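Containing compact mmCIF, C-alpha atoms: my_file-v8.txt.
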```
# COMPACT_ATOMS: atom_id res chain seq x y z
CA MET H 1 9.86 5.12 0.87
CA GLU H 2 11.68 4.72 4.16
CA VAL H 3 14.31 2.07 4.67
CA THR H 4 14.94 1.59 8.38
CA ASN H 5 18.18 -0.13 9.37
CA GLN H 6 18.85 -1.61 12.79
CA GLU H 7 22.52 -2.13 13.55
CA GLU H 8 24.58 -3.22 16.54
CA PRO H 9 23.54 -1.92 19.97
CA THR H 10 25.33 0.97 21.62
CA SER H 11 25.60 1.81 25.31
CA SER H 12 22.14 3.40 25.06
CA GLY H 13 20.50 0.51 23.18
CA GLU H 14 19.83 -0.27 19.54
CA ARG H 15 21.11 1.87 16.71
CA ILE H 16 18.45 2.75 14.16
CA PHE H 17 19.11 4.54 10.87
CA VAL H 18 16.38 5.85 8.61
CA SER H 19 16.87 6.51 4.91
CA VAL H 20 14.32 7.87 2.45
CA ARG H 21 14.24 7.13 -1.27
CA LEU H 22 12.13 9.24 -3.60
CA ARG H 23 10.95 7.30 -6.63
CA PRO H 24 10.72 8.91 -10.08
CA LEU H 25 7.37 9.57 -11.72
CA ASN H 26 5.93 6.56 -13.53
CA GLU H 27 4.60 6.55 -17.10
CA LYS H 28 1.02 7.28 -16.09
CA GLU H 29 2.07 10.24 -13.94
CA ILE H 30 4.26 11.64 -16.70
CA ALA H 31 1.39 11.30 -19.18
CA ARG H 32 -0.81 13.33 -16.82
CA ASN H 33 1.92 15.99 -16.55
CA ASP H 34 2.14 15.37 -12.81
CA VAL H 35 4.98 16.83 -10.79
CA SER H 36 6.59 15.40 -7.67
CA ASP H 37 5.53 16.88 -4.35
CA TRP H 38 8.88 16.04 -2.80
CA GLU H 39 12.41 17.24 -3.51
CA CYS H 40 15.85 16.42 -2.06
CA ILE H 41 17.74 19.56 -1.14
CA ASN H 42 20.81 17.74 0.25
CA ASP H 43 21.92 14.27 1.35
CA ASN H 44 19.82 14.40 4.52
CA THR H 45 16.81 16.64 3.89
CA ILE H 46 13.67 16.52 1.76
CA ILE H 47 11.09 19.26 1.37
CA TYR H 48 7.40 19.10 0.61
CA ARG H 49 6.51 21.48 -2.19
CA ASN H 50 2.89 22.21 -1.30
CA ASN H 51 0.30 24.89 -1.83
CA LEU H 52 -0.35 25.58 1.84
CA SER H 53 -0.95 29.12 2.96
CA ILE H 54 1.64 30.91 5.07
CA SER H 55 -0.43 30.35 8.22
CA GLU H 56 -0.80 26.63 7.46
CA ARG H 57 2.93 26.23 6.84
CA SER H 58 3.60 27.24 10.46
CA VAL H 59 1.57 24.20 11.55
CA TYR H 60 2.69 21.66 8.95
CA PRO H 61 6.46 21.35 8.49
CA THR H 62 7.77 21.34 4.92
CA ALA H 63 11.33 20.09 5.56
CA TYR H 64 12.23 16.70 6.99
CA THR H 65 15.68 15.44 7.96
CA PHE H 66 16.81 11.80 7.95
CA ASP H 67 20.11 9.93 8.18
CA THR H 68 20.25 9.62 4.39
CA VAL H 69 18.07 10.80 1.51
CA PHE H 70 18.16 9.41 -2.02
CA GLY H 71 16.68 11.30 -4.95
CA PRO H 72 14.74 9.86 -7.93
CA ASP H 73 17.92 9.50 -9.99
CA CYS H 74 19.71 7.28 -7.44
CA SER H 75 20.19 3.62 -8.35
CA THR H 76 19.28 0.76 -6.05
CA ARG H 77 22.99 -0.08 -5.92
CA GLN H 78 23.70 3.37 -4.46
CA VAL H 79 20.87 2.97 -1.95
CA TYR H 80 22.38 -0.34 -0.88
CA GLU H 81 25.99 0.85 -0.71
CA GLU H 82 25.25 4.02 1.24
CA GLY H 83 22.12 3.16 3.15
CA ALA H 84 22.03 -0.56 3.88
CA LYS H 85 25.29 -2.42 3.21
CA GLU H 86 26.96 -1.85 6.58
CA VAL H 87 23.86 -2.96 8.43
CA ALA H 88 23.07 -5.88 6.14
CA LEU H 89 26.58 -7.31 6.46
CA ALA H 90 26.67 -6.97 10.25
CA GLY H 91 25.53 -10.59 10.41
CA VAL H 92 28.88 -11.91 9.18
CA ARG H 93 30.39 -10.20 12.23
CA GLY H 94 27.97 -12.02 14.54
CA ILE H 95 25.62 -9.07 15.03
CA ASN H 96 21.84 -9.26 14.66
CA SER H 97 20.59 -6.69 12.17
CA SER H 98 17.58 -5.96 9.98
CA VAL H 99 16.65 -3.84 7.00
CA PHE H 100 13.01 -3.12 6.24
CA ALA H 101 11.03 -0.81 3.98
CA TYR H 102 7.95 1.21 4.85
CA GLY H 103 5.73 3.28 2.55
CA GLN H 104 2.41 3.49 0.75
CA THR H 105 1.48 1.24 -2.15
CA SER H 106 3.43 1.87 -5.37
CA SER H 107 6.19 3.75 -3.53
CA GLY H 108 8.85 1.25 -4.64
CA LYS H 109 9.35 -0.88 -1.53
CA THR H 110 9.44 -4.26 -3.29
CA TYR H 111 11.63 -2.93 -6.11
CA THR H 112 14.17 -1.53 -3.66
CA MET H 113 14.19 -4.48 -1.27
CA ASP H 114 14.59 -7.01 -4.10
CA GLY H 115 17.79 -5.24 -5.09
CA ILE H 116 19.06 -4.87 -1.52
CA THR H 117 18.40 -8.56 -0.83
CA GLU H 118 20.36 -9.75 -3.86
CA TYR H 119 23.25 -7.34 -3.25
CA THR H 120 23.42 -8.43 0.40
CA VAL H 121 23.57 -12.17 -0.29
CA ALA H 122 26.08 -11.65 -3.12
CA ASP H 123 28.34 -9.70 -0.73
CA ILE H 124 27.94 -12.37 1.96
CA TYR H 125 29.12 -15.07 -0.45
CA GLU H 126 32.01 -12.83 -1.51
CA TYR H 127 32.94 -12.46 2.17
CA ILE H 128 32.83 -16.23 2.59
CA GLU H 129 35.15 -16.68 -0.39
CA ARG H 130 37.68 -14.29 1.15
CA HIS H 131 37.68 -16.11 4.52
CA GLN H 132 38.62 -19.68 3.72
CA GLU H 133 39.94 -20.10 7.26
CA ARG H 134 36.35 -20.41 8.47
CA GLU H 135 33.50 -22.73 7.54
CA PHE H 136 30.17 -20.97 6.99
CA VAL H 137 26.61 -22.28 7.02
CA LEU H 138 23.76 -20.08 5.74
CA LYS H 139 20.16 -20.90 6.66
CA PHE H 140 17.25 -19.21 4.89
CA SER H 141 13.59 -18.85 5.80
CA ALA H 142 10.77 -16.70 4.43
CA MET H 143 7.29 -15.82 5.62
CA GLU H 144 4.36 -13.70 4.53
CA ILE H 145 1.99 -11.72 6.72
CA TYR H 146 -1.36 -11.30 4.96
CA ASN H 147 -4.71 -10.45 6.57
CA GLU H 148 -3.09 -10.95 9.99
CA SER H 149 -2.05 -14.52 9.13
CA VAL H 150 1.52 -15.80 8.86
CA ARG H 151 2.35 -18.21 6.03
CA ASP H 152 5.52 -20.11 5.13
CA LEU H 153 6.69 -18.97 1.68
CA LEU H 154 9.03 -21.95 1.29
CA SER H 155 6.14 -24.39 1.61
CA THR H 156 3.12 -25.05 -0.60
CA ASP H 157 1.07 -25.60 2.54
CA THR H 158 -1.04 -22.45 3.04
CA THR H 159 -2.03 -23.28 6.63
CA PRO H 160 -1.43 -20.23 8.85
CA LEU H 161 1.47 -20.58 11.28
CA ARG H 162 1.29 -19.83 14.99
CA LEU H 163 3.42 -17.27 16.82
CA LEU H 164 4.86 -18.53 20.08
CA ASP H 165 6.70 -16.78 22.92
CA ASP H 166 9.96 -18.51 23.77
CA PRO H 167 11.60 -17.46 27.07
CA GLU H 168 15.07 -17.58 25.50
CA ARG H 169 14.54 -16.71 21.81
CA GLY H 170 11.58 -14.35 22.13
CA THR H 171 8.80 -14.57 19.55
CA VAL H 172 9.17 -17.54 17.18
CA VAL H 173 7.10 -18.83 14.27
CA GLU H 174 6.07 -22.43 14.86
CA LYS H 175 6.97 -24.93 12.10
CA LEU H 176 8.57 -22.30 9.85
CA SER H 177 10.78 -23.95 7.22
CA GLU H 178 14.52 -23.24 7.33
CA GLU H 179 16.65 -24.30 4.36
CA THR H 180 20.44 -24.62 4.39
CA LEU H 181 21.75 -22.80 1.32
CA ARG H 182 24.23 -24.60 -0.92
CA ASP H 183 25.24 -21.62 -3.04
CA TRP H 184 24.02 -18.46 -4.77
CA ASN H 185 21.91 -20.35 -7.33
CA HIS H 186 20.20 -22.30 -4.55
CA PHE H 187 19.31 -19.01 -2.87
CA LYS H 188 17.87 -17.65 -6.13
CA GLU H 189 15.69 -20.75 -6.49
CA HIS H 190 14.20 -20.18 -3.04
CA LEU H 191 13.72 -16.48 -3.77
CA SER H 192 11.80 -17.31 -6.96
CA LEU H 193 9.57 -19.69 -4.99
CA CYS H 194 8.81 -16.93 -2.49
CA GLU H 195 7.88 -14.47 -5.23
CA ALA H 196 5.59 -17.01 -6.92
CA GLN H 197 3.65 -17.59 -3.70
CA ARG H 198 3.23 -14.00 -2.53
CA GLN H 199 -0.19 -12.38 -2.54
CA ILE H 200 -0.51 -9.66 -5.18
CA GLY H 201 -3.42 -7.61 -6.45
CA GLU H 202 -4.29 -4.58 -8.53
CA THR H 203 -4.65 -1.14 -6.96
CA SER H 204 -5.31 2.27 -8.46
CA LEU H 205 -1.57 2.93 -8.31
CA ASN H 206 -0.06 -0.46 -9.10
CA GLU H 207 -1.38 -3.32 -11.24
CA THR H 208 0.73 -5.92 -9.41
CA SER H 209 0.93 -4.49 -5.92
CA SER H 210 2.32 -6.69 -3.15
CA ARG H 211 -0.68 -7.16 -0.89
CA SER H 212 1.29 -8.61 2.01
CA HIS H 213 4.35 -8.12 4.16
CA GLN H 214 7.30 -10.38 3.39
CA ILE H 215 10.02 -11.25 5.89
CA LEU H 216 13.23 -12.93 4.72
CA ARG H 217 15.57 -14.27 7.39
CA LEU H 218 19.16 -15.32 6.87
CA VAL H 219 21.03 -17.04 9.71
CA GLN H 220 24.79 -17.33 9.39
CA LEU H 221 26.87 -19.77 11.42
CA SER H 222 30.66 -20.07 11.21
CA VAL H 223 33.45 -22.04 12.84
CA LEU H 224 37.21 -21.53 12.70
CA LEU H 225 38.92 -24.38 10.87
```
Any chance you could give the structure as structure tokens?
Amino acid sequence: MEVTNQEEPTSSGERIFVSVRLRPLNEKEIARNDVSDWECINDNTIIYRNNLSISERSVYPTAYTFDTVFGPDCSTRQVYEEGAKEVALAGVRGINSSVFAYGQTSSGKTYTMDGITEYTVADIYEYIERHQEREFVLKFSAMEIYNESVRDLLSTDTTPLRLLDDPERGTVVEKLSEETLRDWNHFKEHLSLCEAQRQIGETSLNETSSRSHQILRLVQLSVLL
């Protein structure tokens, strides 16, 4: 699973960091005596342990290097602290940032991003508590992209939403709900609503696979008191 982080821009443009997390074998794979095809050899490199011939190995690389690599034994907390925290908390400094996961079904994207989301919001509220000299407002919205349609996950209305091009804000989702968060518990309520409304289905690899893309957006506003 790749977690791609976009941080503040540099003189040459956006800064993008790519981390890879290798998931452990699941119960079915262990029962079949499967072995992992991938192995971390250091903090930045993974290798593909394949059965290619020597001539084929010259065509297909076996080692891949990324900004950060996490092995099967790494916790989601470690993935967050070392691979996403700095980017995720850039928003409290007034910088647009994003964290997203990419990978095949059953690779652990939802599991990892659920943890990163909760750790991020918890750290944001901790930051707010430490900076009483400012007043903060957090606004939350959530959408699902399924079969090329966009749906508001904070609304029971399943009508697809339109994408519009705004000359100042860029691409916007028309009529997307945006809720002002009161506290951590209020955020958890909205998160539970999103999970209940997401499209899931069974695949050969995952009985409850997320069949859609989910986008959570958190907008933070602050003023000096």
Shell around range 135-151 of chain H at 9 Å using all atoms listed in the file, local window under 3 positions removed, as a JSON list (two decimals) with C-alpha atoms, keeping the file's coordinate frame:
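Wrote it out as part10.json, contents follow:
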```
[["chain", "number", "residue", "atom", "x", "y", "z"],
["H", 128, "ILE", "CA", 32.83, -16.23, 2.59],
["H", 131, "HIS", "CA", 37.68, -16.11, 4.52],
["H", 132, "GLN", "CA", 38.62, -19.68, 3.72],
["H", 154, "LEU", "CA", 9.03, -21.95, 1.29],
["H", 155, "SER", "CA", 6.14, -24.39, 1.61],
["H", 157, "ASP", "CA", 1.07, -25.60, 2.54],
["H", 158, "THR", "CA", -1.04, -22.45, 3.04],
["H", 159, "THR", "CA", -2.03, -23.28, 6.63],
["H", 160, "PRO", "CA", -1.43, -20.23, 8.85],
["H", 161, "LEU", "CA", 1.47, -20.58, 11.28],
["H", 162, "ARG", "CA", 1.29, -19.83, 14.99],
["H", 163, "LEU", "CA", 3.42, -17.27, 16.82],
["H", 173, "VAL", "CA", 7.10, -18.83, 14.27],
["H", 176, "LEU", "CA", 8.57, -22.30, 9.85],
["H", 177, "SER", "CA", 10.78, -23.95, 7.22],
["H", 178, "GLU", "CA", 14.52, -23.24, 7.33],
["H", 179, "GLU", "CA", 16.65, -24.30, 4.36],
["H", 180, "THR", "CA", 20.44, -24.62, 4.39],
["H", 181, "LEU", "CA", 21.75, -22.80, 1.32],
["H", 182, "ARG", "CA", 24.23, -24.60, -0.92],
["H", 187, "PHE", "CA", 19.31, -19.01, -2.87],
["H", 190, "HIS", "CA", 14.20, -20.18, -3.04],
["H", 191, "LEU", "CA", 13.72, -16.48, -3.77],
["H", 194, "CYS", "CA", 8.81, -16.93, -2.49],
["H", 198, "ARG", "CA", 3.23, -14.00, -2.53],
["H", 199, "GLN", "CA", -0.19, -12.38, -2.54],
["H", 211, "ARG", "CA", -0.68, -7.16, -0.89],
["H", 212, "SER", "CA", 1.29, -8.61, 2.01],
["H", 213, "HIS", "CA", 4.35, -8.12, 4.16],
["H", 214, "GLN", "CA", 7.30, -10.38, 3.39],
["H", 215, "ILE", "CA", 10.02, -11.25, 5.89],
["H", 216, "LEU", "CA", 13.23, -12.93, 4.72],
["H", 217, "ARG", "CA", 15.57, -14.27, 7.39],
["H", 218, "LEU", "CA", 19.16, -15.32, 6.87],
["H", 219, "VAL", "CA", 21.03, -17.04, 9.71],
["H", 220, "GLN", "CA", 24.79, -17.33, 9.39],
["H", 221, "LEU", "CA", 26.87, -19.77, 11.42],
["H", 222, "SER", "CA", 30.66, -20.07, 11.21],
["H", 223, "VAL", "CA", 33.45, -22.04, 12.84],
["H", 224, "LEU", "CA", 37.21, -21.53, 12.70],
["H", 225, "LEU", "CA", 38.92, -24.38, 10.87]]
```
One decimal, Å: what's the distance from CA of Tyr48 in chain H over to CA of Thr62 in chain H, could you say?
4.9 Å
With all atoms listed in the file as the basis for distance, which of H:Ser97, H:Ser106, H:Thr120, H:Thr156 is at the shortest distance from Leu25 in chain H?
H:Ser106
Taking all atoms listed in the file into account, which of H:Asp166, H:Ile95, H:Ala101, H:Lys175 comes nearest Glu14 in chain H?
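Among the listed residues, the smallest separation from Glu14 in chain H belongs to H:Ile95.
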Write out as a tab-separated table a residue-level contact list of range 74-147 of chain H versus range 39-44 of chain H with cut-off 12 Å: for each qualifying residue the closest pair of atoms and the distance in Å to one decimal, counting all atoms listed in the file, rows sorted by chain and residue number upward.
```
residue	atom	partner	partner_atom	distance
H:Cys74	CA	H:Cys40	CA	11.3
H:Val79	CA	H:Asp43	CA	11.8
H:Glu82	CA	H:Asp43	CA	10.8
H:Gly83	CA	H:Asp43	CA	11.3
```
Let's have the selection written as a CSV table (one decimal), in the frame of the given file, with C-alpha atoms.
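Contents of part.csv, as written:
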```csv
chain,number,residue,atom,x,y,z
H,74,CYS,CA,19.7,7.3,-7.4
H,79,VAL,CA,20.9,3.0,-2.0
H,82,GLU,CA,25.2,4.0,1.2
H,83,GLY,CA,22.1,3.2,3.2
```
Counting all atoms listed in the file, the option among H:Thr171, H:Ser107, H:Ser36, H:Ser98 closest to Val20 in chain H
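Using all atoms listed in the file, Val20 in chain H sits closest to H:Ser107.
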Go through H:Tyr102, H:Gln78, H:Pro72, H:Ile124 and flag the residue nearest Ala90 in chain H, using all atoms listed in the file for the distances.
H:Ile124
note - CA of Arg49 in chain H and CA of Lys28 in chain H are separated by 20.6 Å
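For the pair CA of Tyr80 in chain H and CA of Gln197 in chain H, the interatomic distance is 25.6 Å.
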For Thr76 in chain H, which of H:Ser192, H:Val99, H:Arg32, H:Arg21 is the closest residue, counting all atoms listed in the file?
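Of H:Ser192, H:Val99, H:Arg32, H:Arg21, the one nearest Thr76 in chain H is H:Arg21, counting all atoms listed in the file.
The shortest atom-to-atom distance to Phe66 in chain H, with all atoms listed in the file taken into account, belongs to H:Ile46 out of H:Ile116, H:Ile46, H:Leu22, H:Leu193.
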Return as JSON the box centre and box size in Å, one decimal, for an axis-aligned box around all listed atoms of range 191-200 of chain H padded by 3 Å per side.
```
{"center_x": 6.6, "center_y": -14.7, "center_z": -4.7, "size_x": 20.2, "size_y": 16.0, "size_z": 10.5}
```
Got a sec to write range 15-127 of chain H of the block to a file, C-alpha atoms, as a PDB file, in the first residue's frame?
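Below is the file result.pdb, written as the result:
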```
ATOM      1  CA  ARG H  15       6.494  18.460  -2.286  1.00  0.00           C
ATOM      2  CA  ILE H  16       5.317  14.877  -2.588  1.00  0.00           C
ATOM      3  CA  PHE H  17       6.412  12.042  -0.307  1.00  0.00           C
ATOM      4  CA  VAL H  18       5.623   8.397  -0.960  1.00  0.00           C
ATOM      5  CA  SER H  19       5.602   5.750   1.757  1.00  0.00           C
ATOM      6  CA  VAL H  20       4.896   2.041   1.358  1.00  0.00           C
ATOM      7  CA  ARG H  21       3.412  -0.210   4.018  1.00  0.00           C
ATOM      8  CA  LEU H  22       3.592  -3.981   3.660  1.00  0.00           C
ATOM      9  CA  ARG H  23       0.704  -5.738   5.363  1.00  0.00           C
ATOM     10  CA  PRO H  24       1.162  -9.052   7.187  1.00  0.00           C
ATOM     11  CA  LEU H  25      -0.344 -12.259   5.836  1.00  0.00           C
ATOM     12  CA  ASN H  26      -3.984 -12.766   6.786  1.00  0.00           C
ATOM     13  CA  GLU H  27      -5.450 -15.928   8.309  1.00  0.00           C
ATOM     14  CA  LYS H  28      -6.424 -17.442   4.968  1.00  0.00           C
ATOM     15  CA  GLU H  29      -2.951 -16.877   3.533  1.00  0.00           C
ATOM     16  CA  ILE H  30      -1.292 -18.361   6.603  1.00  0.00           C
ATOM     17  CA  ALA H  31      -3.578 -21.407   6.396  1.00  0.00           C
ATOM     18  CA  ARG H  32      -2.461 -21.917   2.782  1.00  0.00           C
ATOM     19  CA  ASN H  33       1.192 -21.636   3.862  1.00  0.00           C
ATOM     20  CA  ASP H  34       1.618 -18.614   1.609  1.00  0.00           C
ATOM     21  CA  VAL H  35       4.719 -16.467   1.846  1.00  0.00           C
ATOM     22  CA  SER H  36       5.033 -12.747   1.163  1.00  0.00           C
ATOM     23  CA  ASP H  37       6.474 -11.734  -2.191  1.00  0.00           C
ATOM     24  CA  TRP H  38       7.809  -8.498  -0.733  1.00  0.00           C
ATOM     25  CA  GLU H  39      10.433  -7.758   1.906  1.00  0.00           C
ATOM     26  CA  CYS H  40      11.799  -4.558   3.483  1.00  0.00           C
ATOM     27  CA  ILE H  41      15.580  -4.505   3.425  1.00  0.00           C
ATOM     28  CA  ASN H  42      15.916  -1.044   5.029  1.00  0.00           C
ATOM     29  CA  ASP H  43      13.825   2.025   5.859  1.00  0.00           C
ATOM     30  CA  ASN H  44      13.580   3.080   2.203  1.00  0.00           C
ATOM     31  CA  THR H  45      13.791  -0.032   0.032  1.00  0.00           C
ATOM     32  CA  ILE H  46      11.632  -3.084  -0.660  1.00  0.00           C
ATOM     33  CA  ILE H  47      12.535  -6.060  -2.812  1.00  0.00           C
ATOM     34  CA  TYR H  48      10.369  -8.420  -4.810  1.00  0.00           C
ATOM     35  CA  ARG H  49      11.285 -12.012  -4.070  1.00  0.00           C
ATOM     36  CA  ASN H  50      10.271 -13.626  -7.351  1.00  0.00           C
ATOM     37  CA  ASN H  51      11.081 -16.673  -9.409  1.00  0.00           C
ATOM     38  CA  LEU H  52      12.146 -14.805 -12.530  1.00  0.00           C
ATOM     39  CA  SER H  53      15.050 -16.104 -14.542  1.00  0.00           C
ATOM     40  CA  ILE H  54      18.318 -14.182 -14.617  1.00  0.00           C
ATOM     41  CA  SER H  55      17.512 -12.793 -18.066  1.00  0.00           C
ATOM     42  CA  GLU H  56      14.055 -11.654 -16.927  1.00  0.00           C
ATOM     43  CA  ARG H  57      15.459  -9.952 -13.834  1.00  0.00           C
ATOM     44  CA  SER H  58      17.443  -7.596 -16.075  1.00  0.00           C
ATOM     45  CA  VAL H  59      14.126  -6.374 -17.517  1.00  0.00           C
ATOM     46  CA  TYR H  60      11.993  -6.331 -14.367  1.00  0.00           C
ATOM     47  CA  PRO H  61      13.535  -4.550 -11.370  1.00  0.00           C
ATOM     48  CA  THR H  62      13.389  -6.344  -8.028  1.00  0.00           C
ATOM     49  CA  ALA H  63      14.278  -3.438  -5.710  1.00  0.00           C
ATOM     50  CA  TYR H  64      12.222  -0.282  -5.266  1.00  0.00           C
ATOM     51  CA  THR H  65      13.132   2.800  -3.247  1.00  0.00           C
ATOM     52  CA  PHE H  66      10.663   5.195  -1.606  1.00  0.00           C
ATOM     53  CA  ASP H  67      10.810   7.997   0.961  1.00  0.00           C
ATOM     54  CA  THR H  68       9.784   5.592   3.717  1.00  0.00           C
ATOM     55  CA  VAL H  69       9.027   1.871   3.899  1.00  0.00           C
ATOM     56  CA  PHE H  70       7.125   0.158   6.706  1.00  0.00           C
ATOM     57  CA  GLY H  71       7.300  -3.592   7.238  1.00  0.00           C
ATOM     58  CA  PRO H  72       4.459  -5.948   8.268  1.00  0.00           C
ATOM     59  CA  ASP H  73       5.300  -5.551  11.966  1.00  0.00           C
ATOM     60  CA  CYS H  74       4.923  -1.752  11.980  1.00  0.00           C
ATOM     61  CA  SER H  75       1.912  -0.307  13.793  1.00  0.00           C
ATOM     62  CA  THR H  76      -0.426   2.248  12.260  1.00  0.00           C
ATOM     63  CA  ARG H  77       0.769   4.679  14.932  1.00  0.00           C
ATOM     64  CA  GLN H  78       4.327   4.342  13.614  1.00  0.00           C
ATOM     65  CA  VAL H  79       3.134   4.819  10.042  1.00  0.00           C
ATOM     66  CA  TYR H  80       1.364   7.994  11.136  1.00  0.00           C
ATOM     67  CA  GLU H  81       4.213   9.392  13.225  1.00  0.00           C
ATOM     68  CA  GLU H  82       6.929   8.778  10.643  1.00  0.00           C
ATOM     69  CA  GLY H  83       5.056   8.913   7.373  1.00  0.00           C
ATOM     70  CA  ALA H  84       2.067  11.231   7.685  1.00  0.00           C
ATOM     71  CA  LYS H  85       2.010  13.381  10.831  1.00  0.00           C
ATOM     72  CA  GLU H  86       4.081  16.302   9.552  1.00  0.00           C
ATOM     73  CA  VAL H  87       2.000  16.537   6.403  1.00  0.00           C
ATOM     74  CA  ALA H  88      -1.348  15.989   8.112  1.00  0.00           C
ATOM     75  CA  LEU H  89      -0.697  18.749  10.660  1.00  0.00           C
ATOM     76  CA  ALA H  90       0.473  21.258   8.047  1.00  0.00           C
ATOM     77  CA  GLY H  91      -3.088  22.585   8.000  1.00  0.00           C
ATOM     78  CA  VAL H  92      -2.776  24.122  11.466  1.00  0.00           C
ATOM     79  CA  ARG H  93       0.095  26.170  10.021  1.00  0.00           C
ATOM     80  CA  GLY H  94      -2.125  27.428   7.206  1.00  0.00           C
ATOM     81  CA  ILE H  95      -0.740  25.079   4.545  1.00  0.00           C
ATOM     82  CA  ASN H  96      -2.886  22.963   2.234  1.00  0.00           C
ATOM     83  CA  SER H  97      -1.926  19.301   2.471  1.00  0.00           C
ATOM     84  CA  SER H  98      -3.320  15.863   1.712  1.00  0.00           C
ATOM     85  CA  VAL H  99      -2.688  12.247   2.611  1.00  0.00           C
ATOM     86  CA  PHE H 100      -4.083   9.475   0.442  1.00  0.00           C
ATOM     87  CA  ALA H 101      -3.661   5.728   0.069  1.00  0.00           C
ATOM     88  CA  TYR H 102      -3.332   3.730  -3.120  1.00  0.00           C
ATOM     89  CA  GLY H 103      -3.237  -0.046  -3.571  1.00  0.00           C
ATOM     90  CA  GLN H 104      -5.137  -3.120  -4.685  1.00  0.00           C
ATOM     91  CA  THR H 105      -8.131  -4.505  -2.818  1.00  0.00           C
ATOM     92  CA  SER H 106      -7.341  -6.040   0.581  1.00  0.00           C
ATOM     93  CA  SER H 107      -3.970  -4.268   0.793  1.00  0.00           C
ATOM     94  CA  GLY H 108      -4.964  -2.425   3.976  1.00  0.00           C
ATOM     95  CA  LYS H 109      -5.801   1.057   2.697  1.00  0.00           C
ATOM     96  CA  THR H 110      -8.963   1.564   4.754  1.00  0.00           C
ATOM     97  CA  TYR H 111      -7.379   0.084   7.882  1.00  0.00           C
ATOM     98  CA  THR H 112      -4.384   2.405   7.634  1.00  0.00           C
ATOM     99  CA  MET H 113      -6.299   5.546   6.708  1.00  0.00           C
ATOM    100  CA  ASP H 114      -8.844   5.046   9.511  1.00  0.00           C
ATOM    101  CA  GLY H 115      -5.972   5.136  11.989  1.00  0.00           C
ATOM    102  CA  ILE H 116      -4.229   8.089  10.335  1.00  0.00           C
ATOM    103  CA  THR H 117      -7.493  10.064  10.276  1.00  0.00           C
ATOM    104  CA  GLU H 118      -8.164   9.569  13.984  1.00  0.00           C
ATOM    105  CA  TYR H 119      -4.558  10.286  14.998  1.00  0.00           C
ATOM    106  CA  THR H 120      -4.573  13.451  12.874  1.00  0.00           C
ATOM    107  CA  VAL H 121      -7.769  14.913  14.333  1.00  0.00           C
ATOM    108  CA  ALA H 122      -6.700  13.994  17.877  1.00  0.00           C
ATOM    109  CA  ASP H 123      -3.404  15.851  17.345  1.00  0.00           C
ATOM    110  CA  ILE H 124      -5.233  18.844  15.857  1.00  0.00           C
ATOM    111  CA  TYR H 125      -7.428  19.122  18.963  1.00  0.00           C
ATOM    112  CA  GLU H 126      -4.344  18.768  21.156  1.00  0.00           C
ATOM    113  CA  TYR H 127      -2.744  21.618  19.191  1.00  0.00           C
TER     114      TYR H 127
END
```
